[in-house]
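J.: Okay, so here is input-v1.txt, and as you'll see once you scroll down, it has compact mmCIF, C-alpha atoms and all ligand atoms.
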```
# COMPACT_ATOMS: atom_id res chain seq x y z
CA MET A 1 75.15 93.19 124.19
CA ASN A 2 76.00 95.85 121.65
CA GLN A 3 75.58 94.74 118.09
CA ARG A 4 78.61 95.78 116.10
CA ILE A 5 77.91 97.10 112.62
CA ASP A 6 80.97 96.68 110.47
CA PRO A 7 80.87 98.78 107.29
CA VAL A 8 84.02 97.16 105.89
CA PRO A 9 83.36 94.40 103.30
CA SER A 10 84.27 91.09 104.87
CA GLY A 11 86.07 89.55 101.85
CA ALA A 12 89.73 88.65 101.98
CA VAL A 13 92.22 91.36 101.04
CA VAL A 14 93.22 90.68 97.42
CA ALA A 15 95.54 93.64 96.90
CA ALA A 16 97.02 96.23 99.20
CA ALA A 17 99.09 99.38 99.05
CA ASP A 18 101.07 100.50 102.07
CA ASP A 19 102.43 104.01 102.21
CA LEU A 20 103.25 104.09 98.50
CA THR A 21 105.32 107.00 97.31
CA LYS A 22 106.49 107.74 93.80
CA VAL A 23 108.84 110.54 92.90
CA TYR A 24 109.66 111.30 89.27
CA GLY A 25 112.66 113.33 88.17
CA GLU A 26 115.16 115.32 90.17
CA GLY A 27 115.92 118.92 91.12
CA GLU A 28 113.56 121.39 89.52
CA ALA A 29 111.90 118.60 87.53
CA ARG A 30 111.08 116.61 90.70
CA VAL A 31 107.42 115.60 90.89
CA ILE A 32 105.86 113.79 93.82
CA ALA A 33 103.21 111.71 92.07
CA LEU A 34 102.31 109.64 95.16
CA ALA A 35 102.88 111.03 98.64
CA GLY A 36 102.03 108.03 100.85
CA VAL A 37 99.00 106.07 99.64
CA SER A 38 97.59 103.12 101.57
CA ALA A 39 94.51 101.14 100.58
CA ARG A 40 93.01 97.66 100.74
CA PHE A 41 91.07 95.95 97.98
CA ARG A 42 88.82 93.09 99.03
CA GLN A 43 87.48 90.06 97.22
CA GLY A 44 84.51 91.01 95.05
CA GLU A 45 84.86 94.72 95.75
CA PHE A 46 84.52 97.21 92.87
CA THR A 47 86.52 100.38 93.58
CA ALA A 48 86.61 103.55 91.50
CA ILE A 49 89.73 105.72 91.73
CA MET A 50 88.95 109.35 91.05
CA GLY A 51 90.68 112.70 91.32
CA PRO A 52 91.72 115.74 89.32
CA SER A 53 94.12 115.42 86.40
CA GLY A 54 97.66 114.86 87.69
CA SER A 55 96.49 113.71 91.15
CA GLY A 56 98.29 110.37 90.78
CA LYS A 57 95.52 107.96 89.73
CA SER A 58 97.46 106.26 86.92
CA THR A 59 100.66 106.13 88.93
CA PHE A 60 98.77 104.53 91.82
CA MET A 61 97.17 101.93 89.59
CA HIS A 62 100.44 101.19 87.78
CA CYS A 63 102.28 100.66 91.09
CA LEU A 64 99.49 98.38 92.36
CA ALA A 65 99.53 96.35 89.16
CA GLY A 66 103.30 95.97 89.00
CA LEU A 67 103.57 98.13 85.86
CA ASP A 68 105.60 100.80 87.68
CA THR A 69 107.90 100.62 90.71
CA PRO A 70 107.19 102.81 93.73
CA THR A 71 109.98 104.92 95.22
CA SER A 72 109.05 103.57 98.67
CA GLY A 73 106.24 101.66 100.32
CA SER A 74 104.81 98.37 99.15
CA ALA A 75 102.19 97.00 96.82
CA ARG A 76 100.91 93.49 97.36
CA ILE A 77 98.81 91.15 95.27
CA GLY A 78 97.58 88.53 97.73
CA GLU A 79 100.60 87.79 99.89
CA ILE A 80 103.10 88.70 97.19
CA ASP A 81 105.10 91.89 97.70
CA LEU A 82 105.70 93.10 94.15
CA ALA A 83 108.90 94.94 95.11
CA GLN A 84 110.54 91.60 95.93
CA LEU A 85 110.11 90.23 92.41
CA ASP A 86 112.50 90.41 89.48
CA ASP A 87 111.08 91.29 86.04
CA ALA A 88 110.41 87.69 85.02
CA ARG A 89 108.47 86.91 88.21
CA LEU A 90 106.60 90.18 87.98
CA THR A 91 105.50 89.32 84.45
CA LYS A 92 104.35 85.92 85.71
CA VAL A 93 102.30 87.48 88.52
CA ARG A 94 100.72 89.94 86.08
CA ARG A 95 99.84 87.16 83.65
CA GLU A 96 98.49 84.78 86.26
CA ARG A 97 96.77 87.06 88.73
CA ILE A 98 95.86 90.31 87.05
CA GLY A 99 93.44 91.25 84.28
CA PHE A 100 93.68 94.58 82.45
CA ILE A 101 91.08 96.65 80.61
CA PHE A 102 92.31 99.75 78.78
CA GLN A 103 90.60 102.83 77.42
CA ALA A 104 91.78 102.00 73.88
CA PHE A 105 90.65 98.31 74.16
CA ASN A 106 94.16 97.09 73.09
CA LEU A 107 92.89 94.10 71.12
CA LEU A 108 95.23 92.51 68.59
CA PRO A 109 93.84 93.41 65.15
CA THR A 110 94.83 90.19 63.38
CA LEU A 111 93.20 87.89 65.93
CA THR A 112 89.51 87.04 66.19
CA ALA A 113 87.50 88.06 69.25
CA LEU A 114 87.80 84.55 70.69
CA GLU A 115 91.55 84.40 70.05
CA ASN A 116 91.97 87.77 71.76
CA ILE A 117 89.97 86.55 74.76
CA THR A 118 91.97 83.35 75.21
CA LEU A 119 95.43 84.77 74.39
CA PRO A 120 96.49 85.90 77.90
CA ALA A 121 95.56 82.53 79.40
CA ALA A 122 97.43 80.77 76.59
CA LEU A 123 100.51 82.93 77.24
CA ALA A 124 100.30 82.09 80.93
CA GLY A 125 99.93 78.39 80.13
CA GLN A 126 96.54 78.31 81.82
CA ASN A 127 93.45 76.40 80.77
CA ILE A 128 90.22 78.35 80.70
CA ASP A 129 87.27 76.49 82.15
CA ARG A 130 84.97 76.02 79.11
CA LYS A 131 81.77 76.36 81.15
CA TRP A 132 83.05 79.58 82.68
CA LEU A 133 84.05 80.91 79.26
CA ASP A 134 80.59 80.12 77.80
CA HIS A 135 78.96 81.85 80.75
CA LEU A 136 81.22 84.87 80.31
CA LEU A 137 80.59 85.12 76.56
CA ALA A 138 76.84 84.90 77.09
CA THR A 139 76.96 87.52 79.86
CA MET A 140 79.09 89.84 77.74
CA GLY A 141 76.67 89.45 74.81
CA ILE A 142 79.43 88.56 72.34
CA ALA A 143 78.81 84.85 71.82
CA ASP A 144 77.78 85.50 68.19
CA ARG A 145 80.79 87.73 67.44
CA LEU A 146 83.60 85.37 68.29
CA ASP A 147 84.90 84.93 64.74
CA HIS A 148 84.99 88.67 64.08
CA ARG A 149 88.18 90.67 64.10
CA PRO A 150 88.28 93.88 66.18
CA ALA A 151 87.81 96.12 63.09
CA GLN A 152 84.51 94.32 62.42
CA LEU A 153 83.20 95.15 65.90
CA SER A 154 81.76 98.37 67.36
CA GLY A 155 83.67 100.14 70.13
CA GLY A 156 81.24 98.78 72.73
CA GLN A 157 81.62 95.25 71.40
CA GLN A 158 85.42 95.59 71.37
CA GLN A 159 85.41 96.70 75.00
CA ARG A 160 83.13 93.80 75.93
CA VAL A 161 85.64 91.46 74.27
CA ALA A 162 88.38 93.17 76.30
CA CYS A 163 86.32 92.64 79.48
CA ALA A 164 85.90 88.95 78.65
CA ARG A 165 89.67 88.75 78.03
CA ALA A 166 90.38 90.29 81.44
CA LEU A 167 87.91 88.03 83.25
CA ALA A 168 88.54 84.77 81.39
CA SER A 169 91.18 83.31 83.69
CA ARG A 170 89.37 84.52 86.84
CA PRO A 171 92.29 86.72 87.94
CA ALA A 172 92.64 87.83 91.55
CA ILE A 173 92.07 91.42 90.46
CA VAL A 174 91.11 93.38 87.33
CA PHE A 175 92.46 96.88 86.72
CA ALA A 176 90.41 99.02 84.35
CA ASP A 177 91.91 102.29 83.11
CA GLU A 178 89.13 104.63 81.90
CA PRO A 179 87.26 101.64 80.39
CA THR A 180 84.41 103.82 79.12
CA GLY A 181 86.55 106.78 77.99
CA ASN A 182 86.24 105.90 74.29
CA LEU A 183 82.61 104.79 74.33
CA ASP A 184 79.30 106.55 73.77
CA SER A 185 77.13 106.71 76.87
CA ARG A 186 74.98 103.71 75.93
CA SER A 187 77.92 101.38 75.22
CA GLY A 188 79.66 102.76 78.30
CA ALA A 189 76.64 101.93 80.45
CA GLU A 190 76.62 98.36 79.09
CA VAL A 191 80.29 97.86 79.91
CA LEU A 192 79.82 99.31 83.40
CA ALA A 193 76.83 97.04 84.03
CA LEU A 194 79.01 94.07 83.03
CA LEU A 195 81.79 95.11 85.40
CA ARG A 196 79.20 95.64 88.13
CA SER A 197 77.83 92.17 87.54
CA ALA A 198 81.32 90.63 87.42
CA SER A 199 82.00 91.97 90.90
CA ARG A 200 78.57 91.32 92.40
CA ASP A 201 77.68 88.00 90.79
CA MET A 202 81.10 86.51 90.06
CA GLY A 203 83.05 87.86 93.06
CA GLN A 204 85.56 89.61 90.81
CA THR A 205 87.66 92.30 92.48
CA ILE A 206 87.87 95.37 90.22
CA VAL A 207 89.79 98.64 90.46
CA MET A 208 88.76 101.25 87.90
CA VAL A 209 90.37 104.62 87.24
CA THR A 210 87.82 107.04 85.85
CA HIS A 211 87.05 110.74 85.43
CA ASP A 212 83.36 110.01 84.99
CA PRO A 213 81.04 110.34 88.03
CA VAL A 214 78.42 108.18 86.24
CA ALA A 215 80.99 105.40 85.89
CA ALA A 216 82.11 105.76 89.51
CA ALA A 217 78.50 105.37 90.65
CA HIS A 218 78.60 101.73 89.47
CA ALA A 219 81.34 100.95 92.02
CA ASP A 220 81.02 99.84 95.66
CA ARG A 221 83.22 102.71 96.75
CA ALA A 222 85.20 105.59 95.33
CA LEU A 223 88.65 106.63 96.49
CA PHE A 224 89.54 110.26 95.74
CA LEU A 225 93.15 111.27 95.16
CA ALA A 226 94.49 114.81 95.28
CA ASP A 227 98.17 115.76 95.11
CA GLY A 228 99.24 112.14 95.42
CA ARG A 229 97.19 111.33 98.54
CA ILE A 230 93.85 109.67 99.22
CA VAL A 231 91.79 112.55 100.53
CA HIS A 232 88.37 110.92 100.68
CA GLU A 233 86.74 107.50 100.60
CA MET A 234 83.09 107.30 99.61
CA PRO A 235 81.14 104.07 100.14
CA ARG A 236 78.24 103.42 97.71
CA PRO A 237 78.96 106.46 95.54
CA THR A 238 76.16 108.18 93.66
CA THR A 239 76.70 110.35 90.58
CA SER A 240 75.67 113.53 92.37
CA ALA A 241 77.79 112.85 95.48
CA VAL A 242 80.83 112.12 93.29
CA LEU A 243 80.21 115.27 91.27
CA GLU A 244 80.08 117.35 94.46
CA GLN A 245 83.31 115.82 95.75
CA MET A 246 85.06 116.44 92.41
CA LYS A 247 83.92 120.08 92.42
CA HIS A 248 85.32 120.44 95.90
CA LEU A 249 88.69 118.93 94.85
CA ASP A 250 88.86 120.98 91.64
CA ALA A 251 88.27 124.14 93.68
CA HIS A 252 91.40 123.30 95.67
CA GLN A 253 93.61 122.69 92.62
CA PRO A 254 96.52 125.16 92.50
CA SER A 255 95.54 126.18 88.94
CA ALA A 256 92.01 127.10 90.09
CA SER A 257 93.35 129.98 92.14
CA LEU A 258 95.41 131.52 89.33
N1 LIG A 301 106.96 109.30 83.74
C1 LIG A 301 106.78 110.46 84.39
N2 LIG A 301 107.77 111.35 84.51
C2 LIG A 301 107.59 112.51 85.19
N3 LIG A 301 106.43 112.86 85.79
C3 LIG A 301 105.41 112.01 85.68
C4 LIG A 301 105.51 110.78 84.97
N4 LIG A 301 104.31 110.14 85.05
C5 LIG A 301 103.50 110.95 85.75
N5 LIG A 301 104.14 112.08 86.13
C6 LIG A 301 103.59 113.17 86.94
O1 LIG A 301 103.07 112.62 88.13
C7 LIG A 301 101.85 113.26 88.50
C8 LIG A 301 100.73 112.23 88.58
O2 LIG A 301 100.48 111.73 87.26
P1 LIG A 301 99.36 110.64 86.96
O3 LIG A 301 99.43 110.34 85.49
O4 LIG A 301 99.48 109.53 87.91
O5 LIG A 301 98.03 111.47 87.29
P2 LIG A 301 96.51 111.13 86.90
O6 LIG A 301 95.69 111.48 88.08
O7 LIG A 301 96.41 109.75 86.38
O8 LIG A 301 96.27 112.19 85.73
P3 LIG A 301 95.22 112.14 84.50
O9 LIG A 301 93.86 112.14 85.10
O10 LIG A 301 95.49 113.43 83.78
O11 LIG A 301 95.53 110.92 83.68
C9 LIG A 301 101.61 114.34 87.44
O12 LIG A 301 102.11 115.57 87.93
C10 LIG A 301 102.42 113.86 86.27
O13 LIG A 301 102.84 114.94 85.47
```
In structure tokens, how does this file's structure come out?

T.:
Amino acid sequence: MNQRIDPVPSGAVVAAADDLTKVYGEGEARVIALAGVSARFRQGEFTAIMGPSGSGKSTFMHCLAGLDTPTSGSARIGEIDLAQLDDARLTKVRRERIGFIFQAFNLLPTLTALENITLPAALAGQNIDRKWLDHLLATMGIADRLDHRPAQLSGGQQQRVACARALASRPAIVFADEPTGNLDSRSGAEVLALLRSASRDMGQTIVMVTHDPVAAAHADRALFLADGRIVHEMPRPTTSAVLEQMKHLDAHQPSASL
């Protein structure tokens, strides 16, 4: 009997894109931001989305997260096709199933760290499991900063609060948009280690857009976009392999030949 070796993670599909296209503008201003992107994101999988500037990374993530509407194709969270939802239902799905981490942290300045962390769950009318929250706060290393307001925290601490906020309600999927873009390398490494541990130890599915090969090397796989298409998928990315791939893609950018 042949033993089959299956390289695909066996977790359930948590989010999926099928032939997503996105066209902005018309006539001379027409831009094809996504030209048919399909991908699966499995339970507990940590995916980095990479690609040259303008390749469609943000558009892809926004369509997957229900923050933007594709021109055609479908984006699903679990079994829910986002295109079938009106605005109110879409907001509900985002609140209940999706966590977000942004480059600029996006914490509310008048709220304490703890209030920021629990706000999305409160808005969604969800209870946060206290044991889970304590575990999360200890893991994120912010248990002694909970009464501080964002201005009283370092950038790294603010992003760890934002990570705890995204993970608190155990969403189906967390989208992180350049989460280390505003951090020094040490704080960035801490945040990446936390995301790594959230996926590996807590089974959290994470999709992270990044320009940074060091950040991508923390993921289980990297998807590379160019001109609105996925042109390469790299399992277990390393910094040097990602760097090579990026050089290759940059060399094929139209501007590089000018
Ligand atoms: N609202 C919009 N209106 C018109 N064109 C847009 C809009 N948003 C994005 N685009 C265009 O779509 C293409 C993809 O943009 P997108 O922001 O998804 O790329 P990206 O890979 O995230 O870029 P970056 O790394 O620079 O953030 C670009 O050519 C961009 O100019």

J.: Show me, as a list in words, the residues that have an atom within 9 Å of segment 185-193 of chain A when counting only C-alpha atoms, minus same-chain residues fewer than 3 positions from it.

T.: Met140, Gly155, Gly156, Gln157, Gln159, Arg160, Cys163, Pro179, Thr180, Gly181, Asn182, Arg196, Ser197, Ala198, Val214, Ala215, His218 and Ala219 of chain A

J.: With distances taken over all atoms listed in the file, which residue among A:Tyr24, A:Phe105, A:Trp132, A:Phe175 lies nearest ligand LIG 301 (chain A)?

T.: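 Closest residue, counting all atoms listed in the file: A:Tyr24.
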
J.: Quick one: pull the distance between atom CA of Asp177 of chain A and atom CA of Ala151 of chain A, Å, one decimal.

T.: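 We find that atom CA of Asp177 of chain A and atom CA of Ala151 of chain A lie 21.3 Å from each other.
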
J.: Do you have the atom CA of Ala241 of chain A-atom CA of Lys22 of chain A distance handy?

T.: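 So the two atoms, atom CA of Ala241 of chain A and atom CA of Lys22 of chain A, lie 29.2 Å apart.
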
J.: Excluding Gly11 of chain A and residues on its chain fewer than 2 positions from it, collect all residues at most 12 Å away from it, counting all atoms listed in the file, and give them as a PDB file with C-alpha atoms, in the coordinates of the input.

T.:
```pdb
ATOM      1  CA  PRO A   7      80.870  98.780 107.290  1.00  0.00           C
ATOM      2  CA  VAL A   8      84.020  97.160 105.890  1.00  0.00           C
ATOM      3  CA  PRO A   9      83.360  94.400 103.300  1.00  0.00           C
ATOM      4  CA  VAL A  13      92.220  91.360 101.040  1.00  0.00           C
ATOM      5  CA  VAL A  14      93.220  90.680  97.420  1.00  0.00           C
ATOM      6  CA  ALA A  15      95.540  93.640  96.900  1.00  0.00           C
ATOM      7  CA  ARG A  40      93.010  97.660 100.740  1.00  0.00           C
ATOM      8  CA  PHE A  41      91.070  95.950  97.980  1.00  0.00           C
ATOM      9  CA  ARG A  42      88.820  93.090  99.030  1.00  0.00           C
ATOM     10  CA  GLN A  43      87.480  90.060  97.220  1.00  0.00           C
ATOM     11  CA  GLY A  44      84.510  91.010  95.050  1.00  0.00           C
ATOM     12  CA  GLU A  45      84.860  94.720  95.750  1.00  0.00           C
ATOM     13  CA  PHE A  46      84.520  97.210  92.870  1.00  0.00           C
ATOM     14  CA  SER A 199      82.000  91.970  90.900  1.00  0.00           C
ATOM     15  CA  GLY A 203      83.050  87.860  93.060  1.00  0.00           C
ATOM     16  CA  GLN A 204      85.560  89.610  90.810  1.00  0.00           C
ATOM     17  CA  THR A 205      87.660  92.300  92.480  1.00  0.00           C
TER      18      THR A 205
END
```

J.: Excluding Val161 of chain A and any residue of its chain fewer than 6 positions from it, enumerate the residues within 9 Å of it, using only C-alpha atoms, and give them as JSON, numbers by chain.

T.: {"A": [105, 107, 113, 114, 116, 117, 137, 140, 142, 146, 150]}

J.: For the atom pair atom N1 of ligand LIG 301 (chain A) and atom CA of Ile77 of chain A, what is the interatomic distance in Å to one decimal place?

T.: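 Between these atoms lies a distance of 23.0 Å.
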
J.: For segment 81-92 of chain A, please output as JSON, numbers by chain all residues within 9 Å (counting all atoms listed in the file; exclusion window: fewer than 5 positions along the same chain).

T.: {"A": [63, 64, 65, 66, 67, 69, 70, 73, 74, 75, 76, 97, 124]}

J.: Find the residue from A:Ala164, A:Ala33, A:Ala16, A:Phe100 that sits nearest to ligand LIG 301 (chain A); use all atoms listed in the file when measuring.

T.: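 Closest candidate: A:Ala33.
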
J.: Between A:Asp212, A:Thr112, A:Pro52, A:Arg221, which is the closest to His252 of chain A once you count all atoms listed in the file?

T.: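 Of A:Asp212, A:Thr112, A:Pro52, A:Arg221, the one nearest His252 of chain A is A:Pro52, counting all atoms listed in the file.
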
J.: Can you list every residue of chain A that has an atom at most 10 Å from ligand LIG 301 (chain A), with its nearest atom pair and the distance in Å to one decimal, using all atoms listed in the file, ordered by chain then number, as JSON lines?

T.:
```
{"residue": "A:Lys22", "atom": "CA", "partner": "A:LIG301", "partner_atom": "O1", "distance": 8.2}
{"residue": "A:Val23", "atom": "CA", "partner": "A:LIG301", "partner_atom": "O1", "distance": 7.8}
{"residue": "A:Tyr24", "atom": "CA", "partner": "A:LIG301", "partner_atom": "C2", "distance": 4.7}
{"residue": "A:Gly25", "atom": "CA", "partner": "A:LIG301", "partner_atom": "C2", "distance": 5.9}
{"residue": "A:Glu26", "atom": "CA", "partner": "A:LIG301", "partner_atom": "C2", "distance": 9.5}
{"residue": "A:Ala29", "atom": "CA", "partner": "A:LIG301", "partner_atom": "C2", "distance": 7.8}
{"residue": "A:Arg30", "atom": "CA", "partner": "A:LIG301", "partner_atom": "C2", "distance": 7.7}
{"residue": "A:Val31", "atom": "CA", "partner": "A:LIG301", "partner_atom": "N3", "distance": 5.9}
{"residue": "A:Ile32", "atom": "CA", "partner": "A:LIG301", "partner_atom": "O1", "distance": 6.4}
{"residue": "A:Ala33", "atom": "CA", "partner": "A:LIG301", "partner_atom": "O1", "distance": 4.0}
{"residue": "A:Leu34", "atom": "CA", "partner": "A:LIG301", "partner_atom": "C8", "distance": 7.2}
{"residue": "A:Ile49", "atom": "CA", "partner": "A:LIG301", "partner_atom": "O6", "distance": 9.1}
{"residue": "A:Met50", "atom": "CA", "partner": "A:LIG301", "partner_atom": "O6", "distance": 7.7}
{"residue": "A:Gly51", "atom": "CA", "partner": "A:LIG301", "partner_atom": "O6", "distance": 6.1}
{"residue": "A:Pro52", "atom": "CA", "partner": "A:LIG301", "partner_atom": "O9", "distance": 5.9}
{"residue": "A:Ser53", "atom": "CA", "partner": "A:LIG301", "partner_atom": "O9", "distance": 3.5}
{"residue": "A:Gly54", "atom": "CA", "partner": "A:LIG301", "partner_atom": "O5", "distance": 3.4}
{"residue": "A:Ser55", "atom": "CA", "partner": "A:LIG301", "partner_atom": "O6", "distance": 3.9}
{"residue": "A:Gly56", "atom": "CA", "partner": "A:LIG301", "partner_atom": "O4", "distance": 3.2}
{"residue": "A:Lys57", "atom": "CA", "partner": "A:LIG301", "partner_atom": "O6", "distance": 3.9}
{"residue": "A:Ser58", "atom": "CA", "partner": "A:LIG301", "partner_atom": "O7", "distance": 3.7}
{"residue": "A:Thr59", "atom": "CA", "partner": "A:LIG301", "partner_atom": "O4", "distance": 3.7}
{"residue": "A:Phe60", "atom": "CA", "partner": "A:LIG301", "partner_atom": "O4", "distance": 6.4}
{"residue": "A:Met61", "atom": "CA", "partner": "A:LIG301", "partner_atom": "O4", "distance": 8.1}
{"residue": "A:His62", "atom": "CA", "partner": "A:LIG301", "partner_atom": "O4", "distance": 8.4}
{"residue": "A:Cys63", "atom": "CA", "partner": "A:LIG301", "partner_atom": "O4", "distance": 9.8}
{"residue": "A:Asp68", "atom": "CA", "partner": "A:LIG301", "partner_atom": "N1", "distance": 9.5}
{"residue": "A:Asp177", "atom": "CA", "partner": "A:LIG301", "partner_atom": "O7", "distance": 9.3}
{"residue": "A:Glu178", "atom": "CA", "partner": "A:LIG301", "partner_atom": "O11", "distance": 9.1}
{"residue": "A:Val209", "atom": "CA", "partner": "A:LIG301", "partner_atom": "O7", "distance": 8.0}
{"residue": "A:Thr210", "atom": "CA", "partner": "A:LIG301", "partner_atom": "O9", "distance": 7.9}
{"residue": "A:His211", "atom": "CA", "partner": "A:LIG301", "partner_atom": "O9", "distance": 7.0}
{"residue": "A:Phe224", "atom": "CA", "partner": "A:LIG301", "partner_atom": "O6", "distance": 9.9}
{"residue": "A:Leu225", "atom": "CA", "partner": "A:LIG301", "partner_atom": "O6", "distance": 7.5}
{"residue": "A:Ala226", "atom": "CA", "partner": "A:LIG301", "partner_atom": "O6", "distance": 8.0}
{"residue": "A:Asp227", "atom": "CA", "partner": "A:LIG301", "partner_atom": "C8", "distance": 7.9}
{"residue": "A:Gly228", "atom": "CA", "partner": "A:LIG301", "partner_atom": "C8", "distance": 7.0}
```

J.: Kindly export the residues of the current selection with C-alpha atoms, as a short mmCIF file (atom, residue, chain, number, x, y, z; two decimals), in the frame of the given file.

T.:
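Final output, part_8.cif:
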```cif
data_model
loop_
_atom_site.label_atom_id
_atom_site.label_comp_id
_atom_site.auth_asym_id
_atom_site.auth_seq_id
_atom_site.Cartn_x
_atom_site.Cartn_y
_atom_site.Cartn_z
CA LYS A 22 106.49 107.74 93.80
CA VAL A 23 108.84 110.54 92.90
CA TYR A 24 109.66 111.30 89.27
CA GLY A 25 112.66 113.33 88.17
CA GLU A 26 115.16 115.32 90.17
CA ALA A 29 111.90 118.60 87.53
CA ARG A 30 111.08 116.61 90.70
CA VAL A 31 107.42 115.60 90.89
CA ILE A 32 105.86 113.79 93.82
CA ALA A 33 103.21 111.71 92.07
CA LEU A 34 102.31 109.64 95.16
CA ILE A 49 89.73 105.72 91.73
CA MET A 50 88.95 109.35 91.05
CA GLY A 51 90.68 112.70 91.32
CA PRO A 52 91.72 115.74 89.32
CA SER A 53 94.12 115.42 86.40
CA GLY A 54 97.66 114.86 87.69
CA SER A 55 96.49 113.71 91.15
CA GLY A 56 98.29 110.37 90.78
CA LYS A 57 95.52 107.96 89.73
CA SER A 58 97.46 106.26 86.92
CA THR A 59 100.66 106.13 88.93
CA PHE A 60 98.77 104.53 91.82
CA MET A 61 97.17 101.93 89.59
CA HIS A 62 100.44 101.19 87.78
CA CYS A 63 102.28 100.66 91.09
CA ASP A 68 105.60 100.80 87.68
CA ASP A 177 91.91 102.29 83.11
CA GLU A 178 89.13 104.63 81.90
CA VAL A 209 90.37 104.62 87.24
CA THR A 210 87.82 107.04 85.85
CA HIS A 211 87.05 110.74 85.43
CA PHE A 224 89.54 110.26 95.74
CA LEU A 225 93.15 111.27 95.16
CA ALA A 226 94.49 114.81 95.28
CA ASP A 227 98.17 115.76 95.11
CA GLY A 228 99.24 112.14 95.42
#
```

J.: Name the closest residue to Leu194 of chain A among the candidates A:Ala138, A:Val231, A:Leu153, A:Leu123; distances are taken between atoms, counting all atoms listed in the file.

T.: A:Ala138

J.: Counting all atoms listed in the file, which residue out of A:Gly78, A:Gly27, A:Pro109, A:Pro213 sits closest to Gln152 of chain A?

T.: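 Using all atoms listed in the file, the shortest distance to Gln152 of chain A belongs to A:Pro109.
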
J.: Could you name the residues that touch Gly99 of chain A at 9 Å or less, counting all atoms listed in the file, but leaving out those on the same chain fewer than 6 positions away, as a list in words?

T.: Pro120, Cys163, Arg165, Ala166, Leu167, Ala168, Ser169, Arg170, Pro171, Ala172, Ile173, Val174, Phe175 and Ala176 of chain A

J.: Considering only C-alpha atoms, can you say which of A:Ala12, A:Ala222, A:Ile128, A:His232 comes closest to His248 of chain A?

T.: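 Among the listed residues, the smallest separation from His248 of chain A belongs to A:His232.
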